[in-house]
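J.: Got a structure for you, final27.txt, holding compact mmCIF, C-alpha atoms.
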```
# COMPACT_ATOMS: atom_id res chain seq x y z
CA GLY A 99 3.31 -11.21 6.30
CA ALA A 100 4.88 -9.71 9.37
CA VAL A 101 3.41 -10.73 12.70
CA VAL A 102 3.21 -8.76 15.90
CA SER A 103 2.26 -10.76 18.95
CA GLN A 104 0.65 -8.96 21.87
CA HIS A 105 0.09 -10.66 25.18
CA PRO A 106 -2.09 -11.00 27.14
CA SER A 107 -5.19 -10.49 25.05
CA ARG A 108 -7.34 -9.88 28.08
CA VAL A 109 -6.56 -9.13 31.69
CA ILE A 110 -8.70 -8.40 34.71
CA CYS A 111 -6.98 -7.01 37.76
CA LYS A 112 -7.73 -5.37 41.07
CA SER A 113 -7.32 -1.67 41.58
CA GLY A 114 -3.81 -0.78 42.72
CA THR A 115 -2.04 -3.65 41.02
CA SER A 116 0.35 -3.39 38.09
CA VAL A 117 -0.15 -5.02 34.73
CA LYS A 118 2.48 -5.72 32.10
CA ILE A 119 1.64 -6.01 28.42
CA GLU A 120 4.14 -7.44 25.95
CA CYS A 121 4.48 -6.63 22.28
CA ARG A 122 6.75 -8.80 20.14
CA SER A 123 7.65 -8.61 16.50
CA LEU A 124 7.98 -12.26 15.55
CA ASP A 125 9.70 -12.21 12.20
CA PHE A 126 11.21 -8.76 11.81
CA GLN A 127 13.18 -6.22 13.77
CA ALA A 128 11.36 -3.16 15.05
CA THR A 129 13.42 -0.19 16.10
CA THR A 130 10.26 1.72 16.86
CA MET A 131 7.06 0.56 18.48
CA PHE A 132 3.98 2.57 19.29
CA TRP A 133 1.49 2.14 22.10
CA TYR A 134 -2.12 3.18 21.64
CA ARG A 135 -5.13 3.23 23.91
CA GLN A 136 -8.69 3.00 22.73
CA PHE A 137 -11.76 3.66 24.86
CA PRO A 138 -15.12 2.24 23.75
CA LYS A 139 -16.44 3.86 20.57
CA GLN A 140 -13.46 6.15 20.38
CA SER A 141 -10.42 6.18 18.17
CA LEU A 142 -6.92 5.01 18.88
CA MET A 143 -4.99 7.55 20.87
CA LEU A 144 -1.22 7.40 20.70
CA MET A 145 0.25 7.14 24.17
CA ALA A 146 3.94 6.88 23.46
CA THR A 147 6.60 6.09 20.93
CA SER A 148 9.07 3.48 22.04
CA ASN A 149 12.55 3.35 20.54
CA GLU A 150 14.89 0.45 21.15
CA GLY A 151 17.62 1.31 23.60
CA SER A 152 16.34 4.75 24.52
CA LYS A 153 13.64 6.37 26.58
CA ALA A 154 10.12 6.39 25.24
CA THR A 155 8.56 9.62 24.01
CA TYR A 156 5.19 10.20 25.63
CA GLU A 157 2.31 12.15 24.17
CA GLN A 158 1.00 15.14 26.03
CA GLY A 159 -1.21 14.17 28.92
CA VAL A 160 0.17 10.64 29.29
CA GLU A 161 1.85 10.02 32.64
CA LYS A 162 5.25 8.46 32.06
CA ASP A 163 5.49 7.26 35.67
CA LYS A 164 2.19 5.45 35.38
CA PHE A 165 2.69 3.90 31.98
CA LEU A 166 6.19 2.47 31.98
CA ILE A 167 7.57 1.50 28.61
CA ASN A 168 10.63 -0.64 28.07
CA HIS A 169 12.02 -1.44 24.63
CA ALA A 170 15.08 -3.46 25.52
CA SER A 171 15.46 -5.36 22.27
CA LEU A 172 14.61 -4.99 18.61
CA THR A 173 11.73 -7.43 18.94
CA LEU A 174 10.17 -6.64 22.30
CA SER A 175 8.51 -3.66 23.92
CA THR A 176 6.55 -3.78 27.16
CA LEU A 177 3.98 -1.45 28.65
CA THR A 178 3.42 -1.63 32.39
CA VAL A 179 0.36 0.04 33.82
CA THR A 180 1.35 0.76 37.40
CA SER A 181 -1.15 1.07 40.23
CA ALA A 182 -4.02 0.52 37.83
CA HIS A 183 -7.36 2.15 38.51
CA PRO A 184 -10.78 1.57 36.94
CA GLU A 185 -10.30 4.61 34.69
CA ASP A 186 -7.32 2.82 33.13
CA SER A 187 -9.66 0.14 31.79
CA SER A 188 -9.26 0.30 28.05
CA PHE A 189 -8.12 -1.53 24.93
CA TYR A 190 -4.35 -1.20 24.56
CA ILE A 191 -2.79 -1.81 21.15
CA CYS A 192 0.83 -1.88 20.14
CA SER A 193 2.26 -1.48 16.69
CA ALA A 194 5.73 -2.16 15.40
CA GLN A 195 7.54 -0.35 12.63
CA ARG A 196 9.81 -2.51 10.55
CA THR A 197 13.41 -1.31 10.90
CA GLY A 198 14.66 0.58 7.87
CA TYR A 199 11.30 2.09 7.03
CA PHE A 200 11.51 5.32 8.98
CA GLY A 201 8.56 7.53 8.21
CA VAL A 202 6.81 4.96 6.08
CA ASN A 203 3.83 3.71 7.97
CA GLU A 204 2.66 1.04 5.60
CA LYS A 205 5.35 -1.00 7.26
CA LEU A 206 3.55 -0.58 10.56
CA PHE A 207 2.11 -3.79 11.97
CA PHE A 208 -0.41 -3.97 14.76
CA GLY A 209 -0.70 -6.38 17.64
CA SER A 210 -4.05 -7.95 18.41
CA GLY A 211 -4.66 -5.71 21.40
CA THR A 212 -5.09 -6.17 25.15
CA GLN A 213 -8.39 -5.52 26.86
CA LEU A 214 -7.62 -4.33 30.38
CA SER A 215 -10.37 -4.30 32.97
CA VAL A 216 -9.55 -2.88 36.39
CA LEU A 217 -12.01 -3.72 39.14
CA GLN B 150 -9.18 21.67 15.73
CA LYS B 151 -8.65 17.94 15.70
CA GLU B 152 -5.72 16.67 13.68
CA VAL B 153 -7.86 14.14 11.84
CA GLU B 154 -11.63 14.43 11.58
CA GLN B 155 -14.22 11.95 10.42
CA ASN B 156 -17.98 11.78 10.56
CA SER B 157 -18.78 9.15 13.17
CA GLY B 158 -21.82 7.85 11.30
CA PRO B 159 -23.25 5.33 11.22
CA LEU B 160 -23.28 5.33 7.46
CA SER B 161 -25.85 2.85 6.20
CA VAL B 162 -25.79 1.60 2.62
CA PRO B 163 -27.59 -1.27 0.91
CA GLU B 164 -25.66 -4.26 -0.28
CA GLY B 165 -24.10 -3.63 -3.68
CA ALA B 166 -24.04 0.14 -3.31
CA ILE B 167 -21.02 2.44 -3.10
CA ALA B 168 -20.00 3.55 0.36
CA SER B 169 -18.19 6.87 0.58
CA LEU B 170 -16.13 7.66 3.66
CA ASN B 171 -14.56 11.05 4.21
CA CYS B 172 -11.74 12.47 6.27
CA THR B 173 -10.09 15.87 6.72
CA TYR B 174 -6.79 16.66 8.36
CA SER B 175 -5.19 19.78 9.77
CA ASP B 176 -1.44 19.37 9.22
CA ARG B 177 -0.75 20.72 5.75
CA GLY B 178 2.69 19.12 5.80
CA SER B 179 1.33 15.57 6.06
CA GLN B 180 2.47 13.36 3.23
CA SER B 181 1.02 9.91 3.82
CA PHE B 182 -2.52 8.83 4.52
CA PHE B 183 -4.05 5.53 5.49
CA TRP B 184 -7.38 3.82 5.77
CA TYR B 185 -7.83 1.07 8.34
CA ARG B 186 -10.77 -1.17 9.03
CA GLN B 187 -11.50 -2.19 12.59
CA TYR B 188 -13.98 -4.76 13.81
CA SER B 189 -15.26 -4.52 17.36
CA GLY B 190 -12.70 -5.73 19.88
CA LYS B 191 -10.02 -6.21 17.24
CA SER B 192 -6.99 -4.21 16.22
CA PRO B 193 -7.04 -2.20 12.98
CA GLU B 194 -6.11 -3.74 9.67
CA LEU B 195 -4.67 -1.68 6.84
CA ILE B 196 -6.85 -1.36 3.75
CA MET B 197 -5.01 1.24 1.70
CA PHE B 198 -2.44 3.97 1.84
CA ILE B 199 -2.03 6.93 -0.48
CA TYR B 200 0.68 9.53 -0.90
CA SER B 201 -0.12 11.40 -4.10
CA ASN B 202 -3.03 13.60 -5.10
CA GLY B 203 -5.68 11.79 -7.09
CA ASP B 204 -7.14 8.32 -6.96
CA LYS B 205 -5.63 5.01 -6.02
CA GLU B 206 -7.58 1.85 -6.70
CA ASP B 207 -7.23 -1.60 -5.17
CA GLY B 208 -9.98 -4.05 -5.96
CA ARG B 209 -13.28 -2.68 -4.65
CA PHE B 210 -11.53 0.10 -2.78
CA THR B 211 -10.52 3.52 -4.09
CA ALA B 212 -8.68 6.08 -2.00
CA GLN B 213 -8.83 9.71 -3.07
CA LEU B 214 -6.48 12.44 -1.87
CA ASN B 215 -6.70 16.19 -2.29
CA LYS B 216 -3.84 17.84 -0.44
CA ALA B 217 -4.96 21.37 -1.34
CA SER B 218 -8.26 20.73 0.42
CA GLN B 219 -6.64 18.53 3.07
CA TYR B 220 -9.16 15.87 2.30
CA VAL B 221 -8.92 12.12 1.86
CA SER B 222 -11.72 9.70 1.12
CA LEU B 223 -12.36 5.99 0.70
CA LEU B 224 -14.88 4.55 -1.73
CA ILE B 225 -16.05 0.98 -1.37
CA ARG B 226 -17.78 -0.38 -4.46
CA ASP B 227 -20.23 -3.27 -4.41
CA SER B 228 -20.49 -3.03 -0.62
CA GLN B 229 -20.96 -6.32 1.19
CA PRO B 230 -22.37 -7.03 4.66
CA SER B 231 -18.86 -8.18 5.64
CA ASP B 232 -17.65 -4.64 4.99
CA SER B 233 -19.64 -3.51 8.03
CA ALA B 234 -17.02 -2.19 10.45
CA THR B 235 -15.48 1.02 11.70
CA TYR B 236 -13.20 2.71 9.18
CA LEU B 237 -10.35 4.72 10.56
CA CYS B 238 -8.56 7.43 8.63
CA ALA B 239 -4.96 7.92 9.74
CA VAL B 240 -2.44 10.57 8.85
CA ASN B 241 1.31 10.32 9.27
CA ILE B 242 2.60 13.39 11.06
CA ILE B 243 6.30 14.14 11.18
CA LYS B 244 7.60 15.25 14.54
CA GLU B 245 11.07 16.26 15.62
CA TYR B 246 11.57 12.88 17.28
CA GLY B 247 10.22 10.86 14.40
CA ASN B 248 6.84 10.21 12.92
CA LYS B 249 3.53 9.25 14.39
CA LEU B 250 0.28 8.00 13.00
CA VAL B 251 -2.73 10.01 14.14
CA PHE B 252 -6.13 8.39 13.81
CA GLY B 253 -9.53 9.90 13.27
CA ALA B 254 -12.42 8.83 15.47
CA GLY B 255 -13.66 6.47 12.79
CA THR B 256 -16.82 6.12 10.74
CA ILE B 257 -19.15 3.21 11.42
CA LEU B 258 -20.29 1.60 8.18
CA ARG B 259 -23.31 -0.68 8.05
CA VAL B 260 -24.07 -2.57 4.89
CA LYS B 261 -27.58 -3.94 4.87
CA SER B 262 -28.45 -7.08 2.92
```
With the file now loaded, output its structure as structure tokens.
T.:
Amino acid sequence: GAVVSQHPSRVICKSGTSVKIECRSLDFQATTMFWYRQFPKQSLMLMATSNEGSKATYEQGVEKDKFLINHASLTLSTLTVTSAHPEDSSFYICSAQRTGYFGVNEKLFFGSGTQLSVL
Amino acid sequence: QKEVEQNSGPLSVPEGAIASLNCTYSDRGSQSFFWYRQYSGKSPELIMFIYSNGDKEDGRFTAQLNKASQYVSLLIRDSQPSDSATYLCAVNIIKEYGNKLVFGAGTILRVKS
């Protein structure tokens, strides 16, 4: 099966620092990747849709200057949380859509998630 | 109105019973629907997807879709303690820039042995 690697799995940082999270599709090409955030006991909330070679599309209420997304290749998307604050502490999950399956989400593969804790 | 709504639970069922999980959605144009299982601290794993009205069975799982009522459900037969998890209903919504998967808040299922 397709594998999406997300790194790091856990990060603890000081308030005001920036944290980069990587999402890699290991054995398939992903034109589109999605970034989700999940607070404790809540559902996954889509933050942004990342398309290779173009600017990410952010959901309403998500600050594009705070959550920088780069999708420079067909196998890698990164999310950088800039100037992190305690309220940014959350579980961040990426998912990758296999190229050629536009609109068909059963070809959507999830990373293992990153637990971010900002002190 | 939330795009995807689920009862948060917890839903408690005895081992061997049928667990019934329900979900409603608001976008009448949605065409594809998914059930994910999520264990605490882990990312979701896909259980089933369904596109057409009616039932779709896969092992102990049956997904049911009623587009007229904007309702999708998941039945788990012969529930096992290992089925205890949060079940997320997700609906594919088509936007002008592509598609996105919108998740419900999830229903906590507890199967008691």
J.: List the residues sitting within 7 Å of (10.4, 4.2, 26.6) in the file's frame, using all atoms listed in the file, as a PDB file with C-alpha atoms, in the frame of the given file.
T.:
```pdb
ATOM      1  CA  SER A 148       9.070   3.480  22.040  1.00  0.00           C
ATOM      2  CA  ASN A 149      12.550   3.350  20.540  1.00  0.00           C
ATOM      3  CA  SER A 152      16.340   4.750  24.520  1.00  0.00           C
ATOM      4  CA  LYS A 153      13.640   6.370  26.580  1.00  0.00           C
ATOM      5  CA  ALA A 154      10.120   6.390  25.240  1.00  0.00           C
ATOM      6  CA  THR A 155       8.560   9.620  24.010  1.00  0.00           C
ATOM      7  CA  ILE A 167       7.570   1.500  28.610  1.00  0.00           C
ATOM      8  CA  ASN A 168      10.630  -0.640  28.070  1.00  0.00           C
ATOM      9  CA  HIS A 169      12.020  -1.440  24.630  1.00  0.00           C
TER      10      HIS A 169
END
```
J.: Please list, as a list in words, the residues that have an atom at most 10 Å away from (-0.8, 6.6, -2.2) in the coordinates of this file, counting only C-alpha atoms.
T.: Gln180, Ser181, Phe182, Phe183, Met197, Phe198, Ile199, Tyr200, Ser201, Asn202, Gly203, Asp204, Lys205, Glu206, Ala212, Gln213 and Leu214 of chain B
J.: Could you please tell me, as a count of residues only, which residues of chain B have an atom within 9 Å of chain A when using only C-alpha atoms?
T.: 25
J.: Quick one: residues within 12 Å of Arg177 (chain B), only C-alpha atoms counted, chain neighbours fewer than 2 positions away excluded, as a list in words?
T.: Glu152, Val153, Thr173, Tyr174, Ser175, Ser179, Gln180, Ser181, Asn215, Lys216, Ala217, Ser218, Gln219, Tyr220, Val240, Asn241, Ile242 and Ile243 of chain B
J.: For Gly165 (chain B), which of B:Lys244, B:Arg259, B:Arg226, B:Arg209 is the closest residue, counting all atoms listed in the file?
T.: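 Ranking B:Lys244, B:Arg259, B:Arg226, B:Arg209 by distance to Gly165 (chain B), first place goes to B:Arg226.
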J.: What does the distance between CA of Glu150 (chain A) and CA of Cys238 (chain B) come to in Å, to one decimal place?
T.: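 Going from CA of Glu150 (chain A) over to CA of Cys238 (chain B), I get 27.5 Å.
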J.: List the neighbours of region 122-124 of chain A out to 9 Å using only C-alpha atoms; skip same-chain residues closer than 3 positions along the sequence, and give me the result as a list in words.
T.: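 In the requested format, the answer is Ala100, Val101, Val102, Ser103, Gln104, His105, Gln127, Ala128, Leu172, Thr173, Leu174, Ser175, Thr176, Ser193, Ala194, Arg196, Phe207 and Gly209 of chain A.
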J.: Using only C-alpha atoms, find the one residue out of B:Tyr188, B:Ser262, B:Ala168, B:Asp207 that sits nearest to Ser222 (chain B).
T.: B:Ala168
J.: CA of Thr178 (chain A) to CA of Ile119 (chain A): how many Å, to one decimal?
T.: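 Separation between CA of Thr178 (chain A) and CA of Ile119 (chain A): 6.2 Å.
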J.: Looking at A:Ser215, A:Thr180, A:Ser188, A:Gln195, which one is nearest to Val117 (chain A), with distances taken over all atoms listed in the file?
T.: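 Of A:Ser215, A:Thr180, A:Ser188, A:Gln195, the one nearest Val117 (chain A) is A:Thr180, counting all atoms listed in the file.
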J.: Hey, can you check how far CA of Ala239 (chain B) sits from CA of Gln158 (chain A)?
T.: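 Spanning CA of Ala239 (chain B) to CA of Gln158 (chain A) is a straight-line distance of 18.8 Å.
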J.: Which residue, B:Ser189, B:Ser169, B:Ser157, B:Ser233, has the smallest gap to Phe137 (chain A) when you use all atoms listed in the file?
T.: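 Comparing B:Ser189, B:Ser169, B:Ser157, B:Ser233 against Phe137 (chain A), the winner is B:Ser189.
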J.: From the options B:Val221, B:Pro230, B:Asn156, B:Phe210, which residue's atoms come nearest to Ile257 (chain B), counting all atoms listed in the file?
T.: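 Once distances to Ile257 (chain B) are computed over all atoms listed in the file, the minimum belongs to B:Asn156.
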